[in-house]
Amino acid sequence: MQHFFPRVPMQRARAVATMAVLAVIAGISLPAHAQASLSLTPAVIMAKGAFGQSLTQKLTINNQTPNIFHFVMMAEDIEVRNGKRVFLPAGEAPNSIAATAVFTPKEIIAPPNTSASVTVTVTIPAGTKIRAIAAVFQATSGINSTKGSVGLVASMGTLLTFNLSSNVAISADPVQVALPTETTNLAFSQILTNTGTEPVIPKGVVAILGSNNKLAGKAAFEVQRLLPGEKLTYHAQFADQLKPGAYHALCTFQYEGKTETTPVDFTVR
């Protein structure tokens, strides 16, 4: 996580890390030939700072298709309602972060097999409850992959998250165990809820202990990002075979220097 916000007087700081693509393509069907693709870097920007401070970030769209794309830039706030993410137009939410977004330029053209970049600057309004926004490349030109096909539009976004306080906390539901069968592995699942005010990325592992209290094996939970109020199910699979018998498992998640551990017992027959 980057500490990108300067102290007063405010200055602009640039995030330089390029991450794996996590762009979302809405309603897009590209030609099957030549590994055609659209990608966006960075895909995720994680920042830590304070209210009233700013960030400037370079975003790059990579167009490895035979099509020309014209993109208009826009920002959306991300809220969590009933445990699920909701994307809101800039300015709709109180103390909107997306409403402060300034894109330079506001529109870009990405020719075939090239890349194009914009910069976005956001400022954190005092007292905002929002902790994530999407910086969106909205295509205004369609894709016609074959003669006579319907033109489709691509929308891709970078996720920006903001940690603005030390109020980081999660709660964990009981662990669910799916016993192994002839066609499936032993699996564990657990619902985590972000009960704090800041984004968090819990990293979890399940340790399986035998009746002799010795370690019989481990499995890692998938890594997912939790926004404040968000509720997600985390999964882990144990690929090895366990001998028949009683087992005790400890499912442990670590985040921001904290630990959440939940025990569960099960029997393999």
# chains A, B, ... in the order shown; residues from 1 in each chain; ligands from 1
>>> residues_around(residues="His70 in chain A", least_positions_apart="6", cutoff="7 Å", atoms="only C-alpha atoms", output="PyMOL selection string")
chain A and resi 108-110+139-141
>>> write_last_selection(atoms="C-alpha atoms", output="PDB file, in the first residue's frame")
ATOM      1  CA  ILE A 108      -8.233   9.734 -25.974  1.00  0.00           C
ATOM      2  CA  ILE A 109      -7.935   7.677 -29.147  1.00  0.00           C
ATOM      3  CA  ALA A 110      -6.180   4.293 -29.040  1.00  0.00           C
ATOM      4  CA  ALA A 139     -15.536   3.573 -25.340  1.00  0.00           C
ATOM      5  CA  THR A 140     -17.766   5.633 -27.628  1.00  0.00           C
ATOM      6  CA  SER A 141     -16.830   3.637 -30.757  1.00  0.00           C
TER       7      SER A 141
END
>>> residues_around(residues="Phe51 in chain A", least_positions_apart="4", cutoff="7 Å", atoms="only C-alpha atoms", output="count of residues only")
4
